[in-house]
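File shown: protein-v2.pdb. Contents: PDB, C-alpha atoms.
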```
ATOM      1  CA  MET Q   1     -19.437  19.241   9.556
ATOM      2  CA  ALA Q   2     -19.501  22.036  12.126
ATOM      3  CA  ALA Q   3     -18.301  24.398   9.398
ATOM      4  CA  LEU Q   4     -21.264  23.375   7.228
ATOM      5  CA  VAL Q   5     -23.725  24.076  10.020
ATOM      6  CA  THR Q   6     -22.119  27.422  10.801
ATOM      7  CA  SER Q   7     -22.127  28.378   7.119
ATOM      8  CA  LEU Q   8     -25.782  27.453   6.669
ATOM      9  CA  VAL Q   9     -26.836  29.393   9.762
ATOM     10  CA  ALA Q  10     -24.869  32.408   8.516
ATOM     11  CA  LEU Q  11     -26.489  32.118   5.093
ATOM     12  CA  ALA Q  12     -29.923  31.923   6.670
ATOM     13  CA  THR Q  13     -29.211  35.072   8.674
ATOM     14  CA  ILE Q  14     -27.845  36.942   5.669
ATOM     15  CA  GLY Q  15     -30.730  35.717   3.543
ATOM     16  CA  GLY Q  16     -33.170  37.018   6.136
ATOM     17  CA  LEU Q  17     -31.507  40.416   6.154
ATOM     18  CA  LEU Q  18     -31.485  40.586   2.367
ATOM     19  CA  PHE Q  19     -35.126  39.555   2.262
ATOM     20  CA  LEU Q  20     -36.108  42.517   4.431
ATOM     21  CA  GLN Q  21     -34.658  45.044   1.975
ATOM     22  CA  PRO Q  22     -36.960  46.108  -0.869
ATOM     23  CA  PRO Q  23     -35.770  44.963  -4.313
ATOM     24  CA  ALA Q  24     -34.191  47.544  -6.566
ATOM     25  CA  GLN Q  25     -36.291  48.568  -9.519
ATOM     26  CA  THR Q  26     -34.234  47.971 -12.639
ATOM     27  CA  HIS Q  27     -35.289  47.898 -16.235
ATOM     28  CA  PRO Q  28     -32.970  46.494 -18.899
ATOM     29  CA  GLY Q  29     -32.750  48.113 -22.268
ATOM     30  CA  SER Q  30     -34.134  51.327 -23.528
ATOM     31  CA  ASP Q  31     -37.348  53.315 -23.284
ATOM     32  CA  THR Q  32     -38.845  51.063 -25.980
ATOM     33  CA  GLY Q  33     -39.105  48.155 -23.541
ATOM     34  CA  ARG Q  34     -36.885  45.983 -25.693
ATOM     35  CA  VAL Q  35     -33.976  44.110 -24.187
ATOM     36  CA  PRO Q  36     -30.679  44.867 -25.941
ATOM     37  CA  LYS Q  37     -29.230  42.033 -28.010
ATOM     38  CA  GLY Q  38     -27.052  39.728 -25.916
ATOM     39  CA  GLN Q  39     -28.872  40.562 -22.660
ATOM     40  CA  GLU Q  40     -31.855  38.269 -23.170
ATOM     41  CA  ALA Q  41     -32.674  36.166 -20.133
ATOM     42  CA  LYS Q  42     -31.947  32.477 -20.488
ATOM     43  CA  PRO Q  43     -35.033  30.349 -20.074
ATOM     44  CA  LEU Q  44     -35.513  28.558 -16.786
ATOM     45  CA  ARG Q  45     -34.369  24.974 -16.799
ATOM     46  CA  PRO Q  46     -37.382  22.679 -16.624
ATOM     47  CA  ARG Q  47     -38.111  21.107 -13.247
ATOM     48  CA  SER Q  48     -37.359  17.749 -14.864
ATOM     49  CA  ARG Q  49     -33.683  18.786 -15.030
ATOM     50  CA  VAL Q  50     -33.425  19.993 -11.419
ATOM     51  CA  SER Q  51     -32.306  17.832  -8.492
ATOM     52  CA  VAL Q  52     -33.113  18.892  -4.940
ATOM     53  CA  LEU Q  53     -31.738  17.800  -1.577
ATOM     54  CA  VAL Q  54     -34.393  18.239   1.123
ATOM     55  CA  LEU Q  55     -32.995  18.485   4.664
ATOM     56  CA  ASN Q  56     -35.125  18.198   7.783
ATOM     57  CA  GLY Q  57     -33.801  20.985   9.967
ATOM     58  CA  ASN Q  58     -36.649  21.098  12.463
ATOM     59  CA  GLY Q  59     -36.680  17.603  13.991
ATOM     60  CA  MET Q  60     -40.306  16.847  13.079
ATOM     61  CA  SER Q  61     -40.483  13.301  11.766
ATOM     62  CA  GLY Q  62     -41.417  12.903   8.104
ATOM     63  CA  VAL Q  63     -41.387  16.522   6.940
ATOM     64  CA  ALA Q  64     -38.441  16.113   4.568
ATOM     65  CA  GLY Q  65     -39.996  13.037   2.976
ATOM     66  CA  THR Q  66     -43.361  14.718   2.589
ATOM     67  CA  THR Q  67     -41.782  17.788   1.006
ATOM     68  CA  ALA Q  68     -39.626  15.655  -1.322
ATOM     69  CA  THR Q  69     -42.698  13.711  -2.461
ATOM     70  CA  ARG Q  70     -44.566  16.958  -3.123
ATOM     71  CA  LEU Q  71     -41.629  18.303  -5.197
ATOM     72  CA  LEU Q  72     -41.491  15.097  -7.236
ATOM     73  CA  GLY Q  73     -45.205  15.551  -7.885
ATOM     74  CA  ARG Q  74     -44.440  19.017  -9.274
ATOM     75  CA  GLY Q  75     -42.039  17.452 -11.786
ATOM     76  CA  TYR Q  76     -38.602  17.831 -10.204
ATOM     77  CA  HIS Q  77     -36.062  15.296 -11.506
ATOM     78  CA  SER Q  78     -35.170  14.070  -8.039
ATOM     79  CA  ALA Q  79     -35.814  15.137  -4.477
ATOM     80  CA  THR Q  80     -33.791  13.298  -1.858
ATOM     81  CA  ALA Q  81     -34.925  13.598   1.758
ATOM     82  CA  THR Q  82     -32.625  13.292   4.754
ATOM     83  CA  ASN Q  83     -31.937  14.955   8.099
ATOM     84  CA  ALA Q  84     -29.868  18.089   8.508
ATOM     85  CA  THR Q  85     -26.922  17.896  10.881
ATOM     86  CA  VAL Q  86     -28.791  20.162  13.306
ATOM     87  CA  GLU Q  87     -32.507  20.272  13.996
ATOM     88  CA  ASN Q  88     -33.036  23.773  15.318
ATOM     89  CA  TYR Q  89     -33.513  25.866  12.178
ATOM     90  CA  ALA Q  90     -36.117  28.513  12.915
ATOM     91  CA  THR Q  91     -36.742  29.344   9.264
ATOM     92  CA  SER Q  92     -36.885  27.304   6.085
ATOM     93  CA  LEU Q  93     -34.631  28.303   3.216
ATOM     94  CA  VAL Q  94     -33.582  27.323  -0.297
ATOM     95  CA  LEU Q  95     -29.889  27.284  -1.191
ATOM     96  CA  TYR Q  96     -28.521  27.099  -4.732
ATOM     97  CA  ARG Q  97     -25.318  26.365  -6.607
ATOM     98  CA  ARG Q  98     -23.837  29.072  -8.832
ATOM     99  CA  GLY Q  99     -25.945  29.564 -11.941
ATOM    100  CA  TRP Q 100     -29.142  28.117 -10.438
ATOM    101  CA  GLU Q 101     -30.636  31.171  -8.683
ATOM    102  CA  ARG Q 102     -33.698  31.517 -10.906
ATOM    103  CA  GLU Q 103     -34.568  27.847 -10.465
ATOM    104  CA  ALA Q 104     -34.060  28.256  -6.703
ATOM    105  CA  ARG Q 105     -36.524  31.142  -6.631
ATOM    106  CA  ARG Q 106     -39.071  29.012  -8.498
ATOM    107  CA  LEU Q 107     -38.476  26.141  -6.050
ATOM    108  CA  ALA Q 108     -38.979  28.538  -3.142
ATOM    109  CA  ARG Q 109     -42.330  29.586  -4.621
ATOM    110  CA  ASP Q 110     -43.249  25.925  -5.192
ATOM    111  CA  ALA Q 111     -42.393  25.049  -1.585
ATOM    112  CA  GLY Q 112     -43.760  28.219   0.039
ATOM    113  CA  ILE Q 113     -40.321  29.311   1.301
ATOM    114  CA  ARG Q 114     -39.340  32.982   1.441
ATOM    115  CA  ILE Q 115     -35.548  32.869   1.918
ATOM    116  CA  VAL Q 116     -33.242  32.019  -0.995
ATOM    117  CA  ALA Q 117     -29.432  32.203  -0.753
ATOM    118  CA  ALA Q 118     -26.329  30.972  -2.559
ATOM    119  CA  LEU Q 119     -24.516  27.889  -1.318
ATOM    120  CA  ASP Q 120     -21.009  28.399  -0.016
ATOM    121  CA  GLY Q 121     -19.860  25.252  -1.821
ATOM    122  CA  ARG Q 122     -20.142  22.811   1.066
ATOM    123  CA  LEU Q 123     -22.778  20.128   0.867
ATOM    124  CA  PRO Q 124     -23.386  16.917   2.788
ATOM    125  CA  ALA Q 125     -21.654  13.807   1.440
ATOM    126  CA  GLY Q 126     -23.536  12.193  -1.427
ATOM    127  CA  SER Q 127     -25.283  15.380  -2.568
ATOM    128  CA  GLY Q 128     -22.918  16.201  -5.412
ATOM    129  CA  ARG Q 129     -25.603  15.956  -8.104
ATOM    130  CA  ASP Q 130     -28.097  18.261  -6.389
ATOM    131  CA  GLN Q 131     -28.253  21.831  -7.670
ATOM    132  CA  LEU Q 132     -30.645  23.065  -4.976
ATOM    133  CA  VAL Q 133     -31.005  22.418  -1.258
ATOM    134  CA  VAL Q 134     -34.105  22.955   0.858
ATOM    135  CA  ILE Q 135     -33.621  23.188   4.605
ATOM    136  CA  LEU Q 136     -36.913  22.876   6.461
ATOM    137  CA  GLY Q 137     -37.069  24.987   9.585
ATOM    138  CA  ALA Q 138     -39.692  25.323  12.304
ATOM    139  CA  ASN Q 139     -41.843  27.807  10.340
TER     140      ASN Q 139
END
```
This structure in structure tokens:
Amino acid sequence: MAALVTSLVALATIGGLLFLQPPAQTHPGSDTGRVPKGQEAKPLRPRSRVSVLVLNGNGMSGVAGTTATRLLGRGYHSATATNATVENYATSLVLYRRGWEREARRLARDAGIRIVAALDGRLPAGSGRDQLVVILGAN
């Protein structure tokens, strides 16, 4: 469990550093504005196919439940609220499993969270079906 906490704190720190760097300007394809065949972006999975684990990482009673209810109202398949193993996160963040980054960025916009980072593969027991994790910090 301590490894999970350490990993999440490290991810939050890395995510914060990555967030401070301006995004690279890239343009797929040619000067025509067309995307070459085979490089088309896959459509986002609908919210109704996305499960979210919402962790209270700030110790304020009820915030995970309130956020989970709000996400369900936006159409997410499930949003399970529980407490994080530590309650001193300074910043909220969204973590995602491999292949779910675009949905994580949409969730971050939906929840008003600025930091998005990949999961390191370790999740709390019972969260195996969740593709995305929200950790609510003090901000």
Rounded to one decimal in Å, what is the spacing between CA of Ser61 (chain Q) and CA of Tyr96 (chain Q)?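 Atom-to-atom, CA of Ser61 (chain Q) to CA of Tyr96 (chain Q), that is 24.6 Å.
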Check which residues satisfy the PyMOL selection byres ((chain Q and resi 139) around 10) in the file shown, then give them as a VMD selection string. chain Q and resid 58 89 to 92 113 136 to 138
Of Q:Gly128, Q:Pro46, Q:Gly99, Q:Gly112, the one nearest to Gly75 (chain Q) when counting all atoms listed in the file is Q:Pro46
List every protein, DNA or RNA residue that has at least one atom no more than 7 Å from (-36.3, 24.4, -7.3) in the file's coordinates, counting all atoms listed in the file, and write the result as a PDB file with C-alpha atoms, in the frame of the given file.
```pdb
ATOM      1  CA  VAL Q  50     -33.425  19.993 -11.419  1.00  0.00           C
ATOM      2  CA  VAL Q  52     -33.113  18.892  -4.940  1.00  0.00           C
ATOM      3  CA  GLU Q 103     -34.568  27.847 -10.465  1.00  0.00           C
ATOM      4  CA  ALA Q 104     -34.060  28.256  -6.703  1.00  0.00           C
ATOM      5  CA  ARG Q 105     -36.524  31.142  -6.631  1.00  0.00           C
ATOM      6  CA  ARG Q 106     -39.071  29.012  -8.498  1.00  0.00           C
ATOM      7  CA  LEU Q 107     -38.476  26.141  -6.050  1.00  0.00           C
ATOM      8  CA  ALA Q 108     -38.979  28.538  -3.142  1.00  0.00           C
ATOM      9  CA  LEU Q 132     -30.645  23.065  -4.976  1.00  0.00           C
TER      10      LEU Q 132
END
```
Tell me, as a PyMOL selection string, which residues lie within 12 Å of Ser78 (chain Q), counting only C-alpha atoms; anything in the same chain fewer than 4 positions away does not count. chain Q and resi 47-54+67-74+127+129-133
When distances are computed from all atoms listed in the file, which of Q:Leu119, Q:Ala84, Q:Ala79, Q:Leu44 shows the smallest separation from Arg97 (chain Q)?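 Ranking Q:Leu119, Q:Ala84, Q:Ala79, Q:Leu44 by distance to Arg97 (chain Q), first place goes to Q:Leu119.
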Can you measure CA of Met60 (chain Q) to CA of Glu87 (chain Q) for me? One decimal in Å is fine.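 Separation between CA of Met60 (chain Q) and CA of Glu87 (chain Q): 8.6 Å.
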Record the distance separating CA of Ala117 (chain Q) and CA of Val94 (chain Q), expressed in Å with one decimal. 6.4 Å
Residue nearest Gly62 (chain Q) among Q:Lys42, Q:Tyr76, Q:Ala81, Q:Val116 (counting all atoms listed in the file):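 For Gly62 (chain Q), the nearest of the candidates is Q:Ala81.
Applying the 7 Å criterion to (-30.9, 19.5, 6.1) in file coordinates and using all atoms listed in the file, one obtains the residues Q:Val54, Q:Leu55, Q:Asn56, Q:Gly57, Q:Thr82, Q:Asn83, Q:Ala84, Q:Thr85, Q:Ile135, Q:Leu136.
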Just need the box for region 44-63 of chain Q, edges along x, y and z, holding every atom the file lists for it with 6 Å tacked onto each side, so centre and edge lengths in Å to one decimal, as JSON.
```
{"center_x": -36.6, "center_y": 20.7, "center_z": -1.4, "size_x": 21.7, "size_y": 27.7, "size_z": 42.8}
```
Quick test: take region 84-118 of chain Q, keep N, CA and C atoms, and write it as a compact mmCIF listing (two decimals), in the first residue's frame.
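The resulting file, out.txt, is shown below:
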```
# COMPACT_ATOMS: atom_id res chain seq x y z
N ALA Q 84 -8.91 7.69 -0.31
CA ALA Q 84 -7.54 7.35 -0.67
C ALA Q 84 -6.82 6.88 0.59
N THR Q 85 -5.70 6.20 0.41
CA THR Q 85 -4.96 5.70 1.56
C THR Q 85 -4.31 6.83 2.37
N VAL Q 86 -4.08 7.97 1.72
CA VAL Q 86 -3.58 9.15 2.42
C VAL Q 86 -4.52 10.30 2.11
N GLU Q 87 -4.55 11.28 2.98
CA GLU Q 87 -5.49 12.39 2.83
C GLU Q 87 -4.80 13.74 2.75
N ASN Q 88 -3.59 13.76 2.21
CA ASN Q 88 -2.87 15.03 2.15
C ASN Q 88 -2.44 15.39 0.72
N TYR Q 89 -3.23 15.00 -0.27
CA TYR Q 89 -2.93 15.42 -1.63
C TYR Q 89 -3.20 16.91 -1.76
N ALA Q 90 -2.24 17.63 -2.27
CA ALA Q 90 -2.39 19.07 -2.45
C ALA Q 90 -3.17 19.38 -3.72
N THR Q 91 -3.04 18.53 -4.72
CA THR Q 91 -3.61 18.77 -6.03
C THR Q 91 -4.44 17.58 -6.48
N SER Q 92 -5.54 17.85 -7.13
CA SER Q 92 -6.35 16.78 -7.72
C SER Q 92 -5.73 16.32 -9.02
N LEU Q 93 -5.93 15.05 -9.37
CA LEU Q 93 -5.41 14.54 -10.61
C LEU Q 93 -6.27 13.41 -11.13
N VAL Q 94 -6.15 13.14 -12.43
CA VAL Q 94 -6.82 12.03 -13.09
C VAL Q 94 -5.74 11.09 -13.58
N LEU Q 95 -5.89 9.81 -13.26
CA LEU Q 95 -4.95 8.78 -13.71
C LEU Q 95 -5.70 7.84 -14.65
N TYR Q 96 -4.97 7.26 -15.61
CA TYR Q 96 -5.62 6.41 -16.60
C TYR Q 96 -4.81 5.16 -16.89
N ARG Q 97 -5.55 4.11 -17.26
CA ARG Q 97 -4.92 2.87 -17.72
C ARG Q 97 -4.46 3.07 -19.17
N ARG Q 98 -3.52 2.24 -19.60
CA ARG Q 98 -3.01 2.32 -20.97
C ARG Q 98 -4.17 2.27 -21.97
N GLY Q 99 -4.14 3.16 -22.92
CA GLY Q 99 -5.16 3.20 -23.96
C GLY Q 99 -6.36 4.08 -23.63
N TRP Q 100 -6.37 4.72 -22.48
CA TRP Q 100 -7.52 5.51 -22.04
C TRP Q 100 -7.16 6.98 -21.82
N GLU Q 101 -6.07 7.45 -22.40
CA GLU Q 101 -5.62 8.83 -22.15
C GLU Q 101 -6.63 9.87 -22.65
N ARG Q 102 -7.18 9.69 -23.82
CA ARG Q 102 -8.11 10.69 -24.35
C ARG Q 102 -9.35 10.80 -23.47
N GLU Q 103 -9.85 9.66 -23.00
CA GLU Q 103 -11.01 9.67 -22.12
C GLU Q 103 -10.65 10.31 -20.78
N ALA Q 104 -9.41 10.11 -20.33
CA ALA Q 104 -8.95 10.74 -19.08
C ALA Q 104 -8.91 12.25 -19.23
N ARG Q 105 -8.46 12.73 -20.36
CA ARG Q 105 -8.42 14.18 -20.58
C ARG Q 105 -9.84 14.76 -20.60
N ARG Q 106 -10.78 14.04 -21.19
CA ARG Q 106 -12.17 14.50 -21.18
C ARG Q 106 -12.71 14.50 -19.75
N LEU Q 107 -12.41 13.45 -18.99
CA LEU Q 107 -12.84 13.39 -17.59
C LEU Q 107 -12.26 14.55 -16.80
N ALA Q 108 -10.99 14.86 -17.03
CA ALA Q 108 -10.36 15.98 -16.34
C ALA Q 108 -11.09 17.28 -16.66
N ARG Q 109 -11.46 17.48 -17.91
CA ARG Q 109 -12.24 18.68 -18.26
C ARG Q 109 -13.59 18.65 -17.56
N ASP Q 110 -14.25 17.49 -17.56
CA ASP Q 110 -15.56 17.36 -16.91
C ASP Q 110 -15.48 17.68 -15.42
N ALA Q 111 -14.38 17.28 -14.78
CA ALA Q 111 -14.24 17.44 -13.34
C ALA Q 111 -13.48 18.71 -12.94
N GLY Q 112 -12.99 19.46 -13.92
CA GLY Q 112 -12.24 20.68 -13.61
C GLY Q 112 -10.87 20.40 -13.01
N ILE Q 113 -10.23 19.33 -13.48
CA ILE Q 113 -8.91 18.92 -12.97
C ILE Q 113 -7.88 19.15 -14.07
N ARG Q 114 -6.72 19.70 -13.69
CA ARG Q 114 -5.71 20.05 -14.70
C ARG Q 114 -4.64 19.00 -14.91
N ILE Q 115 -4.40 18.11 -13.97
CA ILE Q 115 -3.30 17.15 -14.10
C ILE Q 115 -3.85 15.78 -14.50
N VAL Q 116 -3.27 15.22 -15.57
CA VAL Q 116 -3.63 13.91 -16.08
C VAL Q 116 -2.33 13.13 -16.25
N ALA Q 117 -2.31 11.88 -15.74
CA ALA Q 117 -1.09 11.06 -15.84
C ALA Q 117 -1.47 9.59 -15.97
N ALA Q 118 -0.55 8.80 -16.49
CA ALA Q 118 -0.77 7.36 -16.65
C ALA Q 118 -0.64 6.65 -15.30
```
